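Working notes, beginning with the structure itself.
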Amino acid sequence: MSRWHLTSSENADREARSVCQRANLRPSGQMSDANCHGQAYLKRIVATANLIKCGENDWICSAGTIIYNGRLGEEALRDCYADFVKAGISAVQSKAIGHYALAIRRNNEIMIFTDPQGALNLYYIGTGSFWFASNSLYVCASALSHRKIDATKLLVTALQSSLPGEDTFYSDIKRLFGTQLIQIDLGDGTFRVERIPKSDSVLSWGLPSIQDAIDQYKQEVRAVFAELAAVGPIGLFGTGGMDSRTILAGLLDRQALLQLMYGIGNSRLTDYDSNDLDVAQSVAKLYNLPFQQLDWSGNQPHSEETLQEFFRTYGFSYEIYGAPESFLRTFNGGISPYPKLLLGGYCPAFTNAKPWEFNQASFTFDDLIDDGMHYQGGTVEKSPGIVDKAAYRSVFASEVKTSLRCAEIAYPDDGASLETFVKAKLSLYIRPESRFLNFANEFGHYIAPFLMKRLYDPLLSVPFKYRAKDEFQLRLIHALAPGLMEVPLHSGWGPARIDRDTFRLIRDRVDQKKSLVRRIANVVLPSVLRRPARNIYSRLGNKQAAAKLTDRDSAIVEAYSRQVMSDPLGQRWFSSASEFTPKILARIRHYLVGVNTLGYSE
């Protein structure tokens, strides 16, 4: 399902339907009675059943992708509904595979919840007798008669891809966490947000060796990937790095029917790298897999009219890679044949940042905030253009506290252990890393396997000594598909190789200045010196990035920075916007077009 919405108001329902009709979505059914009005819509390409009647008045509807007992669509939802009736939400979340937002009516009550990570967006309004819920922020905002925004929260969202906590930049709209549920009583009209009972961890790690840990985790990986492979043909977005290779190893191990894909752009908006392409093609050739080179180039900078059209069609999710036209066409049927399931490698627990390798005994809450106050190409603290850094920090810190509370991570102000710091830092990555999957799920079924709780949570508990230099991940790849160890790697900063004796990643050709500063910042220096060292690294990266700008990149920076600074919000936020990378500027521009198209007040 691409989208669904539910509301207590006939007028809000009517407006939401109008918005979705203008977006060219195909209705798949209604969920309406005297106290509840709603509509479900099919995905743009894959017409999978997503609203199922269960008896006279009961029903279940889904957005995103949910695989249940190895199946999609009607059979999956019927099984899901049956388990919900028998055992409740926790049982469903522990068994379901994917990223989803579910609404289930049972008798005179509606329950709304997401996947345990809250990776698929679910937004809601609950003010007095009026309530509204949808997986689209655009649809949710369209239901408001008066849209009030928080300018600083909008800036944080634009720079860092999302807000960490429950709030959005619209004052009346919140986002649901995977640990929360919405409960609506159709009898008395009450709307409540409550906590889902916490379930036990999937795995325990009282294991004497890394090989024992690999053997245990491998069984869970195989169980998940068996269900993925059972769905049907799979398309994997591959790069030259480790994360997509880990997914490929799981698919090869389960003998899945798959094709590899790699997108090529014409600007820095798409992160295209010729070395990644070479590696992806080498992997496809080694395993005799179909390979499709995708065109993700675009004609940016887009005009105001083009951005408005994209917003009205896709909402706030359309800003991925700066919304190149050919990228949108890829998901709108440009992949041939269109796979039953699309997979990608985003996973916070497999990150180049490697916080588990930090050499520090205790981390204050300020350390956590300082660590998170960054965006692509820079840090808020050292930005020459951001005007009110104190307001930015205050909003970000408040949102982080809410996020940690919802994730049930206790983080003392005066200092947390490395284990708690890592858990908190990776938890805060989930929402920014979910942007791509939310966009892709409007078209087809997309899953980031290692972002799912069943595979993500165990990684948080792997002893840090097993994770040093990517050893745990490399041993997992070797255990599932040994042949992948022979294909060259292109990961993070550049070419890399695997030490076959230690199963650790070795980077042979890394820029020495960047490498030195990052190693000092993450391992050697105390916290008081770590941040300045990282700022040096950031400035080095910015200078190198600026030197690599193409003519199109320069045109994007020139046009979008000028347009941002002509907007009243941009003038409040920045003294100048030309410092930002093309990708950040495109995102800022897209959010400004969105809020301006809908209209707002402060």
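Chains: A, B, ... in order of the structure tokens. Residues: from 1 per chain. Ligands: from 1, in order shown.
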Given only C-alpha atoms, how would the per-residue table for segment 277-316 of chain A near segment 434-440 of chain A read, listing every residue at most 12 Å away with its closest atom pair and distance in Å to one decimal, sorted by chain and number, as JSON lines?
```
{"residue": "A:Thr313", "atom": "CA", "partner": "A:Phe439", "partner_atom": "CA", "distance": 11.8}
{"residue": "A:Tyr314", "atom": "CA", "partner": "A:Phe439", "partner_atom": "CA", "distance": 8.3}
{"residue": "A:Gly315", "atom": "CA", "partner": "A:Phe439", "partner_atom": "CA", "distance": 9.6}
{"residue": "A:Phe316", "atom": "CA", "partner": "A:Phe439", "partner_atom": "CA", "distance": 9.2}
```
Just the residues within 7 Å of His5 of chain A, please, counting only C-alpha atoms, with nothing from its chain fewer than 3 positions along; format it as an mmCIF file with all heavy atoms, in the first residue's frame.
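Listing of selection_22.cif after writing:
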```cif
data_model
loop_
_atom_site.group_PDB
_atom_site.id
_atom_site.type_symbol
_atom_site.label_atom_id
_atom_site.label_comp_id
_atom_site.auth_asym_id
_atom_site.auth_seq_id
_atom_site.Cartn_x
_atom_site.Cartn_y
_atom_site.Cartn_z
ATOM 1 N N GLY A 38 -12.181 6.805 6.342
ATOM 2 C CA GLY A 38 -10.835 6.564 5.855
ATOM 3 C C GLY A 38 -10.799 5.960 4.477
ATOM 4 O O GLY A 38 -11.815 5.524 3.923
ATOM 5 N N GLN A 39 -9.598 5.937 3.907
ATOM 6 C CA GLN A 39 -9.389 5.428 2.551
ATOM 7 C C GLN A 39 -7.997 4.797 2.481
ATOM 8 O O GLN A 39 -7.038 5.300 3.083
ATOM 9 C CB GLN A 39 -9.486 6.558 1.536
ATOM 10 C CG GLN A 39 -9.273 6.151 0.100
ATOM 11 C CD GLN A 39 -10.486 5.470 -0.494
ATOM 12 O OE1 GLN A 39 -11.579 6.012 -0.465
ATOM 13 N NE2 GLN A 39 -10.306 4.264 -1.006
ATOM 14 N N ALA A 40 -7.915 3.700 1.771
ATOM 15 C CA ALA A 40 -6.636 3.048 1.521
ATOM 16 C C ALA A 40 -6.326 3.139 0.032
ATOM 17 O O ALA A 40 -7.233 3.182 -0.807
ATOM 18 C CB ALA A 40 -6.689 1.587 1.959
ATOM 19 N N ALA A 133 -4.931 10.096 11.297
ATOM 20 C CA ALA A 133 -3.707 9.288 11.223
ATOM 21 C C ALA A 133 -3.436 8.905 9.772
ATOM 22 O O ALA A 133 -4.368 8.587 9.021
ATOM 23 C CB ALA A 133 -3.827 8.030 12.078
ATOM 24 N N SER A 134 -2.157 8.944 9.394
ATOM 25 C CA SER A 134 -1.759 8.565 8.034
ATOM 26 C C SER A 134 -0.260 8.306 8.021
ATOM 27 O O SER A 134 0.478 8.828 8.863
ATOM 28 C CB SER A 134 -2.097 9.680 7.040
ATOM 29 O OG SER A 134 -1.615 9.372 5.742
#
```
>> Which residues are near segment 42-51 of chain A? Cut-off 7 Å, only C-alpha atoms, ignore same chain within fewer than 6 positions. Put them as number ranges by chain.
In response: A: 1-2, 25-29, 60-62, 73-74, 332-333, 442-444
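Considering the residues A:Phe237, A:Phe421, A:Phe310, A:Trp4 and counting only C-alpha atoms, Gly322 of chain A has its shortest atom-to-atom contact with A:Phe310.
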> Hey, what's within 8 Å of Glu319 of chain A if we count only C-alpha atoms and toss same-chain stuff fewer than 6 positions away? As a PyMOL selection string, please?
Replying inline: chain A and resi 586-587+590
Please produce a file of those selected residues containing N, CA and C atoms, as an mmCIF file, in the first residue's frame.
```
data_model
loop_
_atom_site.group_PDB
_atom_site.id
_atom_site.type_symbol
_atom_site.label_atom_id
_atom_site.label_comp_id
_atom_site.auth_asym_id
_atom_site.auth_seq_id
_atom_site.Cartn_x
_atom_site.Cartn_y
_atom_site.Cartn_z
ATOM 1 N N ALA A 586 19.426 20.875 -1.749
ATOM 2 C CA ALA A 586 18.230 20.349 -2.405
ATOM 3 C C ALA A 586 17.179 19.963 -1.380
ATOM 4 N N ARG A 587 17.610 19.359 -0.266
ATOM 5 C CA ARG A 587 16.647 18.963 0.753
ATOM 6 C C ARG A 587 16.005 20.184 1.409
ATOM 7 N N HIS A 590 13.494 21.598 -0.999
ATOM 8 C CA HIS A 590 12.287 20.771 -1.128
ATOM 9 C C HIS A 590 11.345 20.970 0.058
#
```
Please provide as a compact mmCIF listing (two decimals) with all heavy atoms, in the first residue's frame all residues within 7 Å of Gln292 of chain A, with the sequence filter that same-chain residues fewer than 2 positions apart are discarded (counting only C-alpha atoms).
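Heads up, here's the output in result32.txt:
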```txt
# COMPACT_ATOMS: atom_id res chain seq x y z
N LEU A 260 20.76 -7.84 -9.60
CA LEU A 260 21.48 -6.72 -8.99
C LEU A 260 21.22 -5.45 -9.81
O LEU A 260 21.08 -5.50 -11.04
CB LEU A 260 22.98 -7.00 -8.95
CG LEU A 260 23.46 -8.12 -8.03
CD1 LEU A 260 24.98 -8.21 -8.08
CD2 LEU A 260 22.99 -7.91 -6.61
N MET A 261 21.20 -4.31 -9.10
CA MET A 261 20.96 -3.03 -9.76
C MET A 261 21.90 -1.99 -9.16
O MET A 261 22.23 -2.04 -7.99
CB MET A 261 19.50 -2.60 -9.56
CG MET A 261 18.48 -3.59 -10.10
SD MET A 261 16.78 -3.15 -9.66
CE MET A 261 16.83 -3.39 -7.89
N TYR A 262 22.29 -1.03 -10.01
CA TYR A 262 23.10 0.08 -9.53
C TYR A 262 22.72 1.33 -10.30
O TYR A 262 22.62 1.31 -11.54
CB TYR A 262 24.60 -0.20 -9.70
CG TYR A 262 25.46 0.88 -9.09
CD1 TYR A 262 25.68 0.92 -7.71
CD2 TYR A 262 26.01 1.89 -9.88
CE1 TYR A 262 26.44 1.93 -7.14
CE2 TYR A 262 26.79 2.89 -9.31
CZ TYR A 262 26.99 2.91 -7.94
OH TYR A 262 27.74 3.91 -7.37
N PRO A 290 21.54 -11.52 -13.19
CA PRO A 290 21.14 -10.40 -14.04
C PRO A 290 21.56 -9.08 -13.39
O PRO A 290 21.44 -8.92 -12.18
CB PRO A 290 19.61 -10.53 -14.11
CG PRO A 290 19.31 -11.93 -13.71
CD PRO A 290 20.38 -12.34 -12.76
N LEU A 294 21.01 1.40 -13.74
CA LEU A 294 19.87 2.33 -13.72
C LEU A 294 20.34 3.76 -13.93
O LEU A 294 21.40 4.16 -13.44
CB LEU A 294 19.16 2.23 -12.37
CG LEU A 294 18.66 0.83 -11.97
CD1 LEU A 294 18.14 0.84 -10.54
CD2 LEU A 294 17.57 0.35 -12.93
```
> Which polymer residues have any atom within 7 Å of an atom of segment 361-373 of chain A, counting only C-alpha atoms, with same-chain residues fewer than 5 positions away left out, as a list in words?
Replying inline: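 My reading of the contact set: Thr379, Val380, Ala397, Pro412, Asp413, Asp414, Gly415, Ala416, Ser417, Leu418 and Phe421 of chain A.
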Keeping C-alpha atoms, export the residues of the selection given above as an mmCIF file, in the first residue's frame.
```
data_model
loop_
_atom_site.group_PDB
_atom_site.id
_atom_site.type_symbol
_atom_site.label_atom_id
_atom_site.label_comp_id
_atom_site.auth_asym_id
_atom_site.auth_seq_id
_atom_site.Cartn_x
_atom_site.Cartn_y
_atom_site.Cartn_z
ATOM 1 C CA THR A 379 28.665 20.461 11.804
ATOM 2 C CA VAL A 380 26.131 22.907 13.198
ATOM 3 C CA ALA A 397 18.613 17.985 22.582
ATOM 4 C CA PRO A 412 22.181 9.808 32.619
ATOM 5 C CA ASP A 413 23.032 13.479 32.078
ATOM 6 C CA ASP A 414 26.360 13.144 33.874
ATOM 7 C CA GLY A 415 27.636 10.204 31.879
ATOM 8 C CA ALA A 416 26.767 6.907 30.237
ATOM 9 C CA SER A 417 28.864 3.873 29.465
ATOM 10 C CA LEU A 418 30.214 3.166 25.982
ATOM 11 C CA PHE A 421 26.319 5.592 24.118
#
```
> Near segment 425-433 of chain A, counting only C-alpha atoms, which residues have an atom at most 6 Å away, once you skip same-chain residues fewer than 5 positions from it, shown as a list in words?
Replying inline: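 My list of contacting residues is Ser161, Ser162 and Pro348 of chain A.
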Could you please take those selected residues and save N, CA, C and O atoms as a PDB file, in the first residue's frame?
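Saved result, out-v6.pdb, follows:
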```
ATOM      1  N   SER A 161      17.591  15.234   8.033  1.00  0.00           N
ATOM      2  CA  SER A 161      16.668  14.261   7.433  1.00  0.00           C
ATOM      3  C   SER A 161      15.435  13.965   8.269  1.00  0.00           C
ATOM      4  O   SER A 161      14.452  13.443   7.747  1.00  0.00           O
ATOM      5  N   SER A 162      15.476  14.225   9.573  1.00  0.00           N
ATOM      6  CA  SER A 162      14.323  13.926  10.416  1.00  0.00           C
ATOM      7  C   SER A 162      14.530  14.572  11.780  1.00  0.00           C
ATOM      8  O   SER A 162      15.640  14.981  12.120  1.00  0.00           O
ATOM      9  N   PRO A 348      21.692   1.077  10.500  1.00  0.00           N
ATOM     10  CA  PRO A 348      22.498   1.826  11.463  1.00  0.00           C
ATOM     11  C   PRO A 348      23.515   0.980  12.207  1.00  0.00           C
ATOM     12  O   PRO A 348      24.562   1.484  12.605  1.00  0.00           O
TER      13      PRO A 348
END
```
> DSSP says strand (DSSP E or B) for which residues of segment 186-307 of chain A? Put them as a ChimeraX atom specification?
Replying inline: /A:191-195,234-237,258-264,291-295
Could those selected residues go to a file with N, CA and C atoms, as a PDB file, in the first residue's frame?
```
ATOM      1  N   PHE A 191      -9.214   8.864  21.782  1.00  0.00           N
ATOM      2  CA  PHE A 191      -8.000   8.648  20.992  1.00  0.00           C
ATOM      3  C   PHE A 191      -6.833   8.696  21.963  1.00  0.00           C
ATOM      4  N   ARG A 192      -6.106   7.566  22.108  1.00  0.00           N
ATOM      5  CA  ARG A 192      -5.019   7.482  23.086  1.00  0.00           C
ATOM      6  C   ARG A 192      -3.754   6.921  22.437  1.00  0.00           C
ATOM      7  N   VAL A 193      -2.618   7.427  22.873  1.00  0.00           N
ATOM      8  CA  VAL A 193      -1.322   6.878  22.479  1.00  0.00           C
ATOM      9  C   VAL A 193      -0.736   6.183  23.695  1.00  0.00           C
ATOM     10  N   GLU A 194      -0.439   4.898  23.558  1.00  0.00           N
ATOM     11  CA  GLU A 194       0.047   4.097  24.679  1.00  0.00           C
ATOM     12  C   GLU A 194       1.310   3.342  24.278  1.00  0.00           C
ATOM     13  N   ARG A 195       1.971   2.762  25.284  1.00  0.00           N
ATOM     14  CA  ARG A 195       3.181   1.991  25.031  1.00  0.00           C
ATOM     15  C   ARG A 195       2.837   0.523  24.791  1.00  0.00           C
ATOM     16  N   ILE A 234      13.639 -10.975  -6.465  1.00  0.00           N
ATOM     17  CA  ILE A 234      14.141  -9.889  -5.627  1.00  0.00           C
ATOM     18  C   ILE A 234      15.104  -9.025  -6.428  1.00  0.00           C
ATOM     19  N   GLY A 235      14.989  -7.727  -6.265  1.00  0.00           N
ATOM     20  CA  GLY A 235      15.946  -6.791  -6.836  1.00  0.00           C
ATOM     21  C   GLY A 235      16.755  -6.156  -5.732  1.00  0.00           C
ATOM     22  N   LEU A 236      18.077  -6.255  -5.797  1.00  0.00           N
ATOM     23  CA  LEU A 236      18.954  -5.714  -4.764  1.00  0.00           C
ATOM     24  C   LEU A 236      19.724  -4.524  -5.314  1.00  0.00           C
ATOM     25  N   PHE A 237      19.586  -3.373  -4.638  1.00  0.00           N
ATOM     26  CA  PHE A 237      20.405  -2.213  -4.980  1.00  0.00           C
ATOM     27  C   PHE A 237      21.780  -2.435  -4.382  1.00  0.00           C
ATOM     28  N   LEU A 258      17.215 -13.512  -7.880  1.00  0.00           N
ATOM     29  CA  LEU A 258      17.481 -12.085  -7.715  1.00  0.00           C
ATOM     30  C   LEU A 258      18.219 -11.484  -8.884  1.00  0.00           C
ATOM     31  N   GLN A 259      18.129 -10.171  -8.965  1.00  0.00           N
ATOM     32  CA  GLN A 259      18.910  -9.378  -9.901  1.00  0.00           C
ATOM     33  C   GLN A 259      19.579  -8.247  -9.123  1.00  0.00           C
ATOM     34  N   LEU A 260      20.757  -7.835  -9.599  1.00  0.00           N
ATOM     35  CA  LEU A 260      21.477  -6.718  -8.991  1.00  0.00           C
ATOM     36  C   LEU A 260      21.225  -5.452  -9.807  1.00  0.00           C
ATOM     37  N   MET A 261      21.200  -4.308  -9.098  1.00  0.00           N
ATOM     38  CA  MET A 261      20.961  -3.028  -9.756  1.00  0.00           C
ATOM     39  C   MET A 261      21.896  -1.987  -9.163  1.00  0.00           C
ATOM     40  N   TYR A 262      22.292  -1.034 -10.005  1.00  0.00           N
ATOM     41  CA  TYR A 262      23.103   0.077  -9.529  1.00  0.00           C
ATOM     42  C   TYR A 262      22.717   1.328 -10.300  1.00  0.00           C
ATOM     43  N   GLY A 263      22.457   2.425  -9.578  1.00  0.00           N
ATOM     44  CA  GLY A 263      22.021   3.659 -10.201  1.00  0.00           C
ATOM     45  C   GLY A 263      23.165   4.625 -10.441  1.00  0.00           C
ATOM     46  N   ILE A 264      23.194   5.217 -11.634  1.00  0.00           N
ATOM     47  CA  ILE A 264      24.242   6.164 -12.020  1.00  0.00           C
ATOM     48  C   ILE A 264      23.617   7.541 -12.195  1.00  0.00           C
ATOM     49  N   PHE A 291      22.052  -8.159 -14.215  1.00  0.00           N
ATOM     50  CA  PHE A 291      22.489  -6.864 -13.704  1.00  0.00           C
ATOM     51  C   PHE A 291      21.842  -5.763 -14.524  1.00  0.00           C
ATOM     52  N   GLN A 292      21.278  -4.777 -13.821  1.00  0.00           N
ATOM     53  CA  GLN A 292      20.657  -3.646 -14.498  1.00  0.00           C
ATOM     54  C   GLN A 292      21.296  -2.350 -14.020  1.00  0.00           C
ATOM     55  N   GLN A 293      21.866  -1.620 -14.984  1.00  0.00           N
ATOM     56  CA  GLN A 293      22.435  -0.311 -14.685  1.00  0.00           C
ATOM     57  C   GLN A 293      21.320   0.721 -14.827  1.00  0.00           C
ATOM     58  N   LEU A 294      21.007   1.403 -13.739  1.00  0.00           N
ATOM     59  CA  LEU A 294      19.875   2.325 -13.715  1.00  0.00           C
ATOM     60  C   LEU A 294      20.344   3.760 -13.934  1.00  0.00           C
ATOM     61  N   ASP A 295      19.544   4.513 -14.667  1.00  0.00           N
ATOM     62  CA  ASP A 295      19.840   5.917 -14.917  1.00  0.00           C
ATOM     63  C   ASP A 295      19.170   6.749 -13.830  1.00  0.00           C
TER      64      ASP A 295
END
```
> Quick one: of A:Leu549, A:Glu471, A:Asp253, A:Ser403, who's nearest to Asp499 of chain A, counting only C-alpha atoms?
Replying inline: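 Using only C-alpha atoms, the shortest distance to Asp499 of chain A belongs to A:Glu471.
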> When DSSP works through the backbone of this structure, what residues of segment 228-406 of chain A end up as helix (DSSP H, G or I), shown as number ranges by chain?
Replying inline: A: 228-231, 242-253, 268-270, 274-286, 304-322, 325-334, 355-357, 365-372, 389-406
> What does the distance between atom CA of Ala87 of chain A and atom CA of Asn441 of chain A come to in Å, to one decimal place?
Replying inline: 27.6 Å
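Take atom CA of His478 of chain A and atom CA of Gly238 of chain A: the distance between them is 17.6 Å.
Across the model, the gap from atom CA of Phe169 of chain A to atom CA of Asp150 of chain A is 5.1 Å.
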